[in-house]
Structures are given as C-alpha cells and as structure tokens.
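Asks: This is upload35.cif (mmCIF, C-alpha atoms).
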```cif
data_final
#
loop_
_atom_site.group_PDB
_atom_site.id
_atom_site.type_symbol
_atom_site.label_atom_id
_atom_site.label_comp_id
_atom_site.auth_asym_id
_atom_site.auth_seq_id
_atom_site.Cartn_x
_atom_site.Cartn_y
_atom_site.Cartn_z
ATOM 1 C CA ARG O 1 -1.396 -13.853 -11.777
ATOM 2 C CA LYS O 2 -2.004 -10.199 -10.901
ATOM 3 C CA GLU O 3 -0.290 -9.020 -7.744
ATOM 4 C CA VAL O 4 -3.358 -7.496 -6.124
ATOM 5 C CA GLU O 5 -6.708 -8.437 -7.546
ATOM 6 C CA GLN O 6 -10.116 -6.968 -6.841
ATOM 7 C CA ASP O 7 -13.565 -7.368 -8.318
ATOM 8 C CA PRO O 8 -14.006 -4.090 -10.224
ATOM 9 C CA GLY O 9 -17.758 -3.997 -9.635
ATOM 10 C CA PRO O 10 -19.691 -1.818 -9.752
ATOM 11 C CA PHE O 11 -21.549 -2.886 -6.663
ATOM 12 C CA ASN O 12 -24.939 -1.176 -6.703
ATOM 13 C CA VAL O 13 -26.627 -1.425 -3.312
ATOM 14 C CA PRO O 14 -29.516 0.341 -1.565
ATOM 15 C CA GLU O 15 -28.967 2.526 1.468
ATOM 16 C CA GLY O 16 -28.711 0.487 4.635
ATOM 17 C CA ALA O 17 -27.367 -2.594 2.903
ATOM 18 C CA THR O 18 -24.320 -4.518 4.010
ATOM 19 C CA VAL O 19 -21.688 -4.953 1.330
ATOM 20 C CA ALA O 20 -18.419 -6.872 1.320
ATOM 21 C CA PHE O 21 -15.375 -6.526 -0.898
ATOM 22 C CA ASN O 22 -12.612 -9.062 -1.245
ATOM 23 C CA CYS O 23 -9.075 -8.627 -2.432
ATOM 24 C CA THR O 24 -6.458 -11.283 -3.137
ATOM 25 C CA TYR O 25 -2.709 -10.820 -3.247
ATOM 26 C CA SER O 26 -0.105 -13.014 -4.858
ATOM 27 C CA ASN O 27 3.013 -12.445 -2.778
ATOM 28 C CA SER O 28 2.933 -14.452 0.432
ATOM 29 C CA ALA O 29 5.744 -12.274 1.834
ATOM 30 C CA SER O 30 3.418 -9.272 2.006
ATOM 31 C CA GLN O 31 3.514 -7.582 5.384
ATOM 32 C CA SER O 32 1.104 -4.655 5.551
ATOM 33 C CA PHE O 33 -2.380 -4.219 4.183
ATOM 34 C CA PHE O 34 -4.658 -1.251 3.698
ATOM 35 C CA TRP O 35 -7.925 -0.081 2.247
ATOM 36 C CA TYR O 36 -7.954 3.311 0.575
ATOM 37 C CA ARG O 37 -11.024 5.122 -0.643
ATOM 38 C CA GLN O 38 -11.102 7.239 -3.804
ATOM 39 C CA ASP O 39 -14.051 9.478 -4.579
ATOM 40 C CA CYS O 40 -14.823 10.327 -8.181
ATOM 41 C CA ARG O 41 -12.161 12.691 -9.592
ATOM 42 C CA LYS O 42 -10.432 12.939 -6.228
ATOM 43 C CA GLU O 43 -7.267 11.502 -4.732
ATOM 44 C CA PRO O 44 -7.107 8.223 -2.783
ATOM 45 C CA LYS O 45 -7.336 8.561 0.991
ATOM 46 C CA LEU O 46 -6.526 5.994 3.641
ATOM 47 C CA LEU O 47 -9.675 4.361 4.951
ATOM 48 C CA MET O 48 -8.112 1.883 7.327
ATOM 49 C CA SER O 49 -5.152 -0.379 7.885
ATOM 50 C CA VAL O 50 -5.829 -4.107 8.086
ATOM 51 C CA TYR O 51 -4.434 -5.998 11.042
ATOM 52 C CA SER O 52 -3.957 -9.729 11.432
ATOM 53 C CA SER O 53 -6.569 -9.956 14.153
ATOM 54 C CA GLY O 54 -9.093 -7.988 12.129
ATOM 55 C CA ASN O 55 -10.187 -4.505 13.015
ATOM 56 C CA GLU O 56 -13.277 -2.380 13.064
ATOM 57 C CA ASP O 57 -13.862 1.325 12.638
ATOM 58 C CA GLY O 58 -17.495 2.228 13.058
ATOM 59 C CA ARG O 59 -19.448 0.648 10.203
ATOM 60 C CA PHE O 60 -16.301 -0.659 8.551
ATOM 61 C CA THR O 61 -14.655 -4.001 9.359
ATOM 62 C CA ALA O 62 -11.445 -5.239 7.780
ATOM 63 C CA GLN O 63 -10.219 -8.822 7.879
ATOM 64 C CA LEU O 64 -6.987 -10.467 6.809
ATOM 65 C CA ASN O 65 -6.573 -14.130 5.942
ATOM 66 C CA ARG O 66 -2.883 -14.793 5.429
ATOM 67 C CA ALA O 67 -3.306 -18.479 4.696
ATOM 68 C CA SER O 68 -5.612 -17.756 1.771
ATOM 69 C CA GLN O 69 -3.937 -14.453 0.938
ATOM 70 C CA TYR O 70 -7.017 -12.326 0.916
ATOM 71 C CA ILE O 71 -8.267 -9.195 2.599
ATOM 72 C CA SER O 72 -11.869 -8.185 3.032
ATOM 73 C CA LEU O 73 -13.751 -4.999 3.784
ATOM 74 C CA LEU O 74 -17.280 -5.085 5.175
ATOM 75 C CA ILE O 75 -19.465 -1.999 5.186
ATOM 76 C CA ARG O 76 -22.602 -2.160 7.304
ATOM 77 C CA ASP O 77 -25.610 0.151 7.051
ATOM 78 C CA SER O 78 -24.216 1.728 3.889
ATOM 79 C CA LYS O 79 -24.763 5.448 3.310
ATOM 80 C CA LEU O 80 -25.012 7.434 0.097
ATOM 81 C CA SER O 81 -21.690 9.022 1.060
ATOM 82 C CA ASP O 82 -20.001 5.603 0.960
ATOM 83 C CA SER O 83 -20.223 5.691 -2.857
ATOM 84 C CA ALA O 84 -16.617 5.613 -4.030
ATOM 85 C CA THR O 85 -13.935 3.295 -5.361
ATOM 86 C CA TYR O 86 -12.234 1.174 -2.703
ATOM 87 C CA LEU O 87 -8.592 0.365 -3.323
ATOM 88 C CA CYS O 88 -6.873 -2.636 -1.783
ATOM 89 C CA VAL O 89 -3.191 -1.947 -1.073
ATOM 90 C CA VAL O 90 -0.491 -4.406 -0.061
ATOM 91 C CA ALA O 91 3.046 -3.653 1.121
ATOM 92 C CA LEU O 92 5.817 -6.175 0.708
ATOM 93 C CA VAL O 93 7.763 -4.938 3.713
ATOM 94 C CA TYR O 94 6.884 -2.965 6.783
ATOM 95 C CA GLY O 95 7.961 0.634 6.594
ATOM 96 C CA GLY O 96 10.732 1.738 4.301
ATOM 97 C CA SER O 97 10.198 3.595 1.099
ATOM 98 C CA GLN O 98 6.818 3.027 -0.403
ATOM 99 C CA GLY O 99 8.033 1.596 -3.679
ATOM 100 C CA ASN O 100 6.860 -1.698 -2.279
ATOM 101 C CA LEU O 101 3.197 -0.664 -2.111
ATOM 102 C CA ILE O 102 1.056 -2.518 -4.641
ATOM 103 C CA PHE O 103 -2.386 -1.120 -5.490
ATOM 104 C CA GLY O 104 -5.368 -3.024 -6.794
ATOM 105 C CA LYS O 105 -7.504 -1.516 -9.563
ATOM 106 C CA GLY O 106 -10.264 -0.802 -7.079
ATOM 107 C CA THR O 107 -13.867 -1.835 -6.528
ATOM 108 C CA LYS O 108 -16.538 0.708 -7.335
ATOM 109 C CA LEU O 109 -19.435 1.035 -4.905
ATOM 110 C CA SER O 110 -22.601 2.931 -5.685
ATOM 111 C CA VAL O 111 -25.137 3.328 -2.878
ATOM 112 C CA LYS O 112 -28.614 4.254 -4.093
ATOM 113 C CA PRO O 113 -31.438 5.905 -2.128
ATOM 114 C CA GLU T 1 -1.632 25.312 3.910
ATOM 115 C CA THR T 2 -1.868 21.743 5.065
ATOM 116 C CA GLY T 3 -1.473 18.333 3.478
ATOM 117 C CA VAL T 4 -0.140 17.799 0.004
ATOM 118 C CA THR T 5 -0.817 20.404 -2.670
ATOM 119 C CA GLN T 6 -0.322 19.946 -6.396
ATOM 120 C CA THR T 7 -0.280 22.475 -9.208
ATOM 121 C CA PRO T 8 -1.558 22.805 -11.806
ATOM 122 C CA ARG T 9 -4.743 20.807 -11.272
ATOM 123 C CA HIS T 10 -5.316 20.583 -15.025
ATOM 124 C CA LEU T 11 -2.818 20.799 -17.851
ATOM 125 C CA VAL T 12 -3.244 20.495 -21.610
ATOM 126 C CA MET T 13 -0.077 20.339 -23.644
ATOM 127 C CA GLY T 14 1.099 19.525 -27.115
ATOM 128 C CA MET T 15 3.637 16.803 -27.799
ATOM 129 C CA THR T 16 6.428 19.308 -28.316
ATOM 130 C CA ASN T 17 5.796 21.369 -25.183
ATOM 131 C CA LYS T 18 7.797 21.389 -21.972
ATOM 132 C CA LYS T 19 5.887 21.764 -18.740
ATOM 133 C CA SER T 20 6.325 20.901 -15.062
ATOM 134 C CA LEU T 21 4.080 19.589 -12.339
ATOM 135 C CA LYS T 22 4.700 20.814 -8.819
ATOM 136 C CA CYS T 23 4.011 19.163 -5.484
ATOM 137 C CA GLU T 24 4.459 20.532 -1.977
ATOM 138 C CA GLN T 25 3.851 18.734 1.314
ATOM 139 C CA HIS T 26 3.305 20.435 4.668
ATOM 140 C CA LEU T 27 3.276 17.291 6.799
ATOM 141 C CA GLY T 28 6.918 17.051 7.786
ATOM 142 C CA HIS T 29 7.289 13.818 5.834
ATOM 143 C CA ASN T 30 10.640 12.734 4.451
ATOM 144 C CA ALA T 31 9.549 10.674 1.445
ATOM 145 C CA MET T 32 7.708 11.814 -1.677
ATOM 146 C CA TYR T 33 6.327 9.968 -4.699
ATOM 147 C CA TRP T 34 4.900 10.368 -8.150
ATOM 148 C CA TYR T 35 2.147 7.991 -9.239
ATOM 149 C CA LYS T 36 0.320 7.752 -12.553
ATOM 150 C CA GLN T 37 -3.363 6.810 -12.635
ATOM 151 C CA SER T 38 -4.927 5.844 -15.955
ATOM 152 C CA ALA T 39 -8.468 4.658 -16.542
ATOM 153 C CA LYS T 40 -9.072 1.005 -15.631
ATOM 154 C CA LYS T 41 -5.498 0.524 -14.418
ATOM 155 C CA PRO T 42 -4.079 0.367 -10.909
ATOM 156 C CA LEU T 43 -1.956 3.223 -9.648
ATOM 157 C CA GLU T 44 1.497 2.971 -11.174
ATOM 158 C CA LEU T 45 4.463 4.080 -9.109
ATOM 159 C CA MET T 46 6.815 6.290 -11.105
ATOM 160 C CA PHE T 47 9.407 7.699 -8.715
ATOM 161 C CA VAL T 48 10.250 7.621 -5.025
ATOM 162 C CA TYR T 49 12.404 10.123 -3.165
ATOM 163 C CA SER T 50 13.503 9.521 0.405
ATOM 164 C CA LEU T 51 15.423 12.307 2.127
ATOM 165 C CA GLU T 52 15.721 14.010 -1.267
ATOM 166 C CA GLU T 53 17.501 11.013 -2.770
ATOM 167 C CA ARG T 54 15.820 9.107 -5.573
ATOM 168 C CA VAL T 55 15.432 5.571 -4.291
ATOM 169 C CA GLU T 56 13.239 4.196 -7.028
ATOM 170 C CA ASN T 57 12.706 4.795 -10.708
ATOM 171 C CA ASN T 58 10.104 2.384 -11.967
ATOM 172 C CA SER T 59 11.259 2.097 -15.590
ATOM 173 C CA VAL T 60 9.710 5.408 -16.498
ATOM 174 C CA PRO T 61 10.489 6.884 -19.952
ATOM 175 C CA SER T 62 13.054 9.668 -19.941
ATOM 176 C CA ARG T 63 10.473 12.159 -21.164
ATOM 177 C CA PHE T 64 9.459 12.275 -17.473
ATOM 178 C CA SER T 65 12.139 13.833 -15.281
ATOM 179 C CA PRO T 66 11.669 14.222 -11.508
ATOM 180 C CA GLU T 67 13.350 16.754 -9.279
ATOM 181 C CA CYS T 68 13.330 16.912 -5.487
ATOM 182 C CA PRO T 69 15.144 20.050 -4.261
ATOM 183 C CA ASN T 70 14.180 19.442 -0.615
ATOM 184 C CA SER T 71 11.997 17.149 1.437
ATOM 185 C CA SER T 72 8.934 19.378 0.995
ATOM 186 C CA HIS T 73 8.982 19.895 -2.755
ATOM 187 C CA LEU T 74 8.799 17.575 -5.720
ATOM 188 C CA PHE T 75 8.592 18.368 -9.407
ATOM 189 C CA LEU T 76 7.860 16.311 -12.485
ATOM 190 C CA HIS T 77 9.293 17.846 -15.632
ATOM 191 C CA LEU T 78 7.532 16.843 -18.836
ATOM 192 C CA HIS T 79 8.854 17.080 -22.371
ATOM 193 C CA THR T 80 7.910 15.586 -25.729
ATOM 194 C CA LEU T 81 5.089 13.589 -24.209
ATOM 195 C CA GLN T 82 2.829 11.223 -26.112
ATOM 196 C CA PRO T 83 -0.992 11.137 -26.109
ATOM 197 C CA GLU T 84 -0.875 7.872 -24.122
ATOM 198 C CA ASP T 85 0.765 9.834 -21.297
ATOM 199 C CA SER T 86 -2.577 11.545 -20.666
ATOM 200 C CA ALA T 87 -3.560 10.558 -17.142
ATOM 201 C CA LEU T 88 -3.967 11.762 -13.582
ATOM 202 C CA TYR T 89 -0.578 12.312 -11.950
ATOM 203 C CA LEU T 90 -0.681 11.989 -8.197
ATOM 204 C CA CYS T 91 1.947 13.164 -5.776
ATOM 205 C CA ALA T 92 2.123 11.571 -2.340
ATOM 206 C CA SER T 93 4.216 11.803 0.799
ATOM 207 C CA SER T 94 4.878 9.580 3.780
ATOM 208 C CA GLN T 95 7.186 9.098 6.693
ATOM 209 C CA ASP T 96 9.935 6.700 5.675
ATOM 210 C CA ALA T 97 10.074 4.200 8.540
ATOM 211 C CA ARG T 98 13.721 3.415 7.878
ATOM 212 C CA GLN T 99 14.444 6.686 9.622
ATOM 213 C CA GLY T 100 13.273 5.145 12.874
ATOM 214 C CA LYS T 101 9.801 6.654 13.064
ATOM 215 C CA ILE T 102 7.331 3.875 12.490
ATOM 216 C CA SER T 103 4.175 5.809 13.184
ATOM 217 C CA GLY T 104 2.268 6.025 9.939
ATOM 218 C CA ALA T 105 4.726 3.782 8.140
ATOM 219 C CA ASN T 106 3.483 2.683 4.726
ATOM 220 C CA VAL T 107 0.687 5.261 4.873
ATOM 221 C CA LEU T 108 0.553 7.643 1.949
ATOM 222 C CA THR T 109 -1.043 11.073 1.864
ATOM 223 C CA PHE T 110 -1.927 12.018 -1.685
ATOM 224 C CA GLY T 111 -2.317 15.368 -3.333
ATOM 225 C CA ALA T 112 -5.441 16.139 -5.364
ATOM 226 C CA GLY T 113 -3.630 15.290 -8.583
ATOM 227 C CA SER T 114 -2.757 16.995 -11.836
ATOM 228 C CA ARG T 115 -4.910 15.874 -14.748
ATOM 229 C CA LEU T 116 -2.762 15.916 -17.854
ATOM 230 C CA THR T 117 -4.021 15.832 -21.422
ATOM 231 C CA VAL T 118 -1.498 15.491 -24.223
ATOM 232 C CA LEU T 119 -2.776 16.480 -27.655
#
```
Give the structure from this file in structure tokens form.
Replies:
Amino acid sequence: RKEVEQDPGPFNVPEGATVAFNCTYSNSASQSFFWYRQDCRKEPKLLMSVYSSGNEDGRFTAQLNRASQYISLLIRDSKLSDSATYLCVVALVYGGSQGNLIFGKGTKLSVKP
Amino acid sequence: ETGVTQTPRHLVMGMTNKKSLKCEQHLGHNAMYWYKQSAKKPLELMFVYSLEERVENNSVPSRFSPECPNSSHLFLHLHTLQPEDSALYLCASSQDARQGKISGANVLTFGAGSRLTVL
C-alpha cells in the first residue's frame, strides 16, 4: 500500500463549482498534515495545514479523519486561478527534520470558464 | 532577495560532465533539503541538512554529492549522471523544530527548482 495516495485526476470543473479531493495515508502514527499547491512548472507552495478539528481559509476547507486515515480538501466557488496540482503531505512526527514528510503524487485540477 | 533561490534554473549536461546546483535561503531557517521531482512520481527526498549537518541521505547514488557550507547555502554536485536522472531538482528550507522553535514546524519553503536534462 502506498504511503500517501491521491486520485491523480485530472478534475475538470467549471468556474464556480465546488470540488473535493481526498487523500489517504497508510501510517497511523502520522502527526501532521498539509495541502500544498503546485502550479504548472513551478515549485510547491503551502496552501494550508490540516488540523484535527478541521479548518477553513476562505474558499478552502480542510478536514482530517484519523480513524479512517484520510484528509480532504474542499474548494468552493472555484476560480480559474485555482487550476493547479494539489499535493497531500503527511508528517510522521511533529517538527524535527523534514525527512519524515511524505508527499502524495498530487491531484490535478483544471477550472474551465 | 527573499525566500529560496536556486541556480541555474535550467541545465543540460552530458553523462561525463560535472556540474553543481546552488541553493540559497534568506529566511533564517536552519534546515535545508534537496528533493527530486520526476513526472508522475511523488517528490522524492534526497538529502536533509539540519544546522549544516547531514541528517538524512535517502539512498541516493553517489553520483549526487551534497554540500552545505552554512545554514543559508546548499549545493548539489553532479557527476557522471544518467539520462534517468533528468528531473526537476527542488531545494527547500524550514525551521527545524528540534531547536525549540515550533512556529512553522514541518512547513517547507521551496525554491523554483533546477530543471536538469542529462543527454
């Protein structure tokens, strides 16, 4: 079983749509969770951390389900500028050197006019 | 300059060449990393330096040789590479939370990457 698994997509949605991505992780000892965004031919950038209670940042909502070992990202009212690849990232321990960060392959989102 | 800067942005080299990738961070972080990103694969961690000490070497072939002269600079020396080494090489930095500062722990700031093509 892959350590961090994501649906590669692509997800093709119209502007204004709501889209959800899921990510599953295999190690139940995982402690920290993140979504990164990577635009085409650019570097990954942190989109948001994922907290146990769930958290929201504008149009973006992240949820964590430890029992089922999955993380979700919901994007409401999607914009053309949301088109990117969304990377799910899981850390085995909190803090420390980042050798314990595990990246998923990413889910590609394409928002059409 | 701010953030994490990488040079060169693009590099084409033959299998017998020797070249180096350079990374510099202006964020005051104390940990730096090299990642490899190939098409349709997740980011692969190559090396981790914390306080200029290599703390992780993820079974990377010896044709890749990292160097971290100080906490702001990181190099990746390349020699006798293979065509399958063609990829995007990303440098990143973070604040190592073991040093007592937990703000931003586990959060990486990446450079724009060096796209390497080996002929």
Asks: Tell me, as a list in words, which residues lie within 12 Å of Glu3 of chain O, counting all atoms listed in the file; anything in the same chain fewer than 3 positions away does not count.
Replies: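 The filter keeps Gln6, Cys23, Thr24, Tyr25, Ser26, Asn27, Ser28, Ala29, Ser30, Gln69, Tyr70, Cys88, Val89, Val90, Ala91, Leu92, Asn100, Leu101, Ile102, Phe103, Gly104 and Lys105 of chain O; Pro42 of chain T.
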Asks: Please determine, counting only C-alpha atoms, which residue among T:Leu119, T:Leu11, T:Leu81, T:Cys23 has the shortest atom-to-atom distance to Tyr35 of chain T.
Replies: T:Cys23
Asks: Which residues are close to Phe75 of chain T, i.e. within 6 Å by all atoms listed in the file, leaving aside same-chain residues fewer than 2 positions away? Reply as a ChimeraX atom specification.
Replies: /T:21-22,66-67
Asks: Within 7 Å of segment 32-40 of chain O, counting all atoms listed in the file, which residues show up once you throw out same-chain ones fewer than 4 positions away? Write them as number ranges by chain, please.
Replies: O: 44-50, 84-94
Asks: Convert the output of the PyMOL selection byres ((chain T) within 9 of (chain O)) on the shown file into explicit residues, formatted as a VMD selection string.
Replies: chain T and resid 31 to 33 40 to 50 55 to 56 58 90 94 to 99 102 104 to 113
Asks: Those selected residues, please, written with C-alpha atoms and delivered as a PDB file, in the frame of the given file.
Replies:
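File again-v5.pdb, as written:
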```pdb
ATOM      1  CA  ALA T  31       9.549  10.674   1.445  1.00  0.00           C
ATOM      2  CA  MET T  32       7.708  11.814  -1.677  1.00  0.00           C
ATOM      3  CA  TYR T  33       6.327   9.968  -4.699  1.00  0.00           C
ATOM      4  CA  LYS T  40      -9.072   1.005 -15.631  1.00  0.00           C
ATOM      5  CA  LYS T  41      -5.498   0.524 -14.418  1.00  0.00           C
ATOM      6  CA  PRO T  42      -4.079   0.367 -10.909  1.00  0.00           C
ATOM      7  CA  LEU T  43      -1.956   3.223  -9.648  1.00  0.00           C
ATOM      8  CA  GLU T  44       1.497   2.971 -11.174  1.00  0.00           C
ATOM      9  CA  LEU T  45       4.463   4.080  -9.109  1.00  0.00           C
ATOM     10  CA  MET T  46       6.815   6.290 -11.105  1.00  0.00           C
ATOM     11  CA  PHE T  47       9.407   7.699  -8.715  1.00  0.00           C
ATOM     12  CA  VAL T  48      10.250   7.621  -5.025  1.00  0.00           C
ATOM     13  CA  TYR T  49      12.404  10.123  -3.165  1.00  0.00           C
ATOM     14  CA  SER T  50      13.503   9.521   0.405  1.00  0.00           C
ATOM     15  CA  VAL T  55      15.432   5.571  -4.291  1.00  0.00           C
ATOM     16  CA  GLU T  56      13.239   4.196  -7.028  1.00  0.00           C
ATOM     17  CA  ASN T  58      10.104   2.384 -11.967  1.00  0.00           C
ATOM     18  CA  LEU T  90      -0.681  11.989  -8.197  1.00  0.00           C
ATOM     19  CA  SER T  94       4.878   9.580   3.780  1.00  0.00           C
ATOM     20  CA  GLN T  95       7.186   9.098   6.693  1.00  0.00           C
ATOM     21  CA  ASP T  96       9.935   6.700   5.675  1.00  0.00           C
ATOM     22  CA  ALA T  97      10.074   4.200   8.540  1.00  0.00           C
ATOM     23  CA  ARG T  98      13.721   3.415   7.878  1.00  0.00           C
ATOM     24  CA  GLN T  99      14.444   6.686   9.622  1.00  0.00           C
ATOM     25  CA  ILE T 102       7.331   3.875  12.490  1.00  0.00           C
ATOM     26  CA  GLY T 104       2.268   6.025   9.939  1.00  0.00           C
ATOM     27  CA  ALA T 105       4.726   3.782   8.140  1.00  0.00           C
ATOM     28  CA  ASN T 106       3.483   2.683   4.726  1.00  0.00           C
ATOM     29  CA  VAL T 107       0.687   5.261   4.873  1.00  0.00           C
ATOM     30  CA  LEU T 108       0.553   7.643   1.949  1.00  0.00           C
ATOM     31  CA  THR T 109      -1.043  11.073   1.864  1.00  0.00           C
ATOM     32  CA  PHE T 110      -1.927  12.018  -1.685  1.00  0.00           C
ATOM     33  CA  GLY T 111      -2.317  15.368  -3.333  1.00  0.00           C
ATOM     34  CA  ALA T 112      -5.441  16.139  -5.364  1.00  0.00           C
ATOM     35  CA  GLY T 113      -3.630  15.290  -8.583  1.00  0.00           C
TER      36      GLY T 113
END
```
Asks: Which is closer to Thr80 of chain T than all the others in T:Ala92, T:Leu116, T:Thr16, T:Ala39, using all atoms listed in the file?
Replies: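 Among T:Ala92, T:Leu116, T:Thr16, T:Ala39, it is T:Thr16 that comes nearest to Thr80 of chain T.
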Asks: Any chance you could resolve the PyMOL selection byres ((chain T and resi 28) around 10) against this file and give the residues as a list in words?
Replies: Gly3, Gln25, His26, Leu27, His29, Asn30, Ala31, Ser71, Ser72, Ser93, Ser94 and Gln95 of chain T
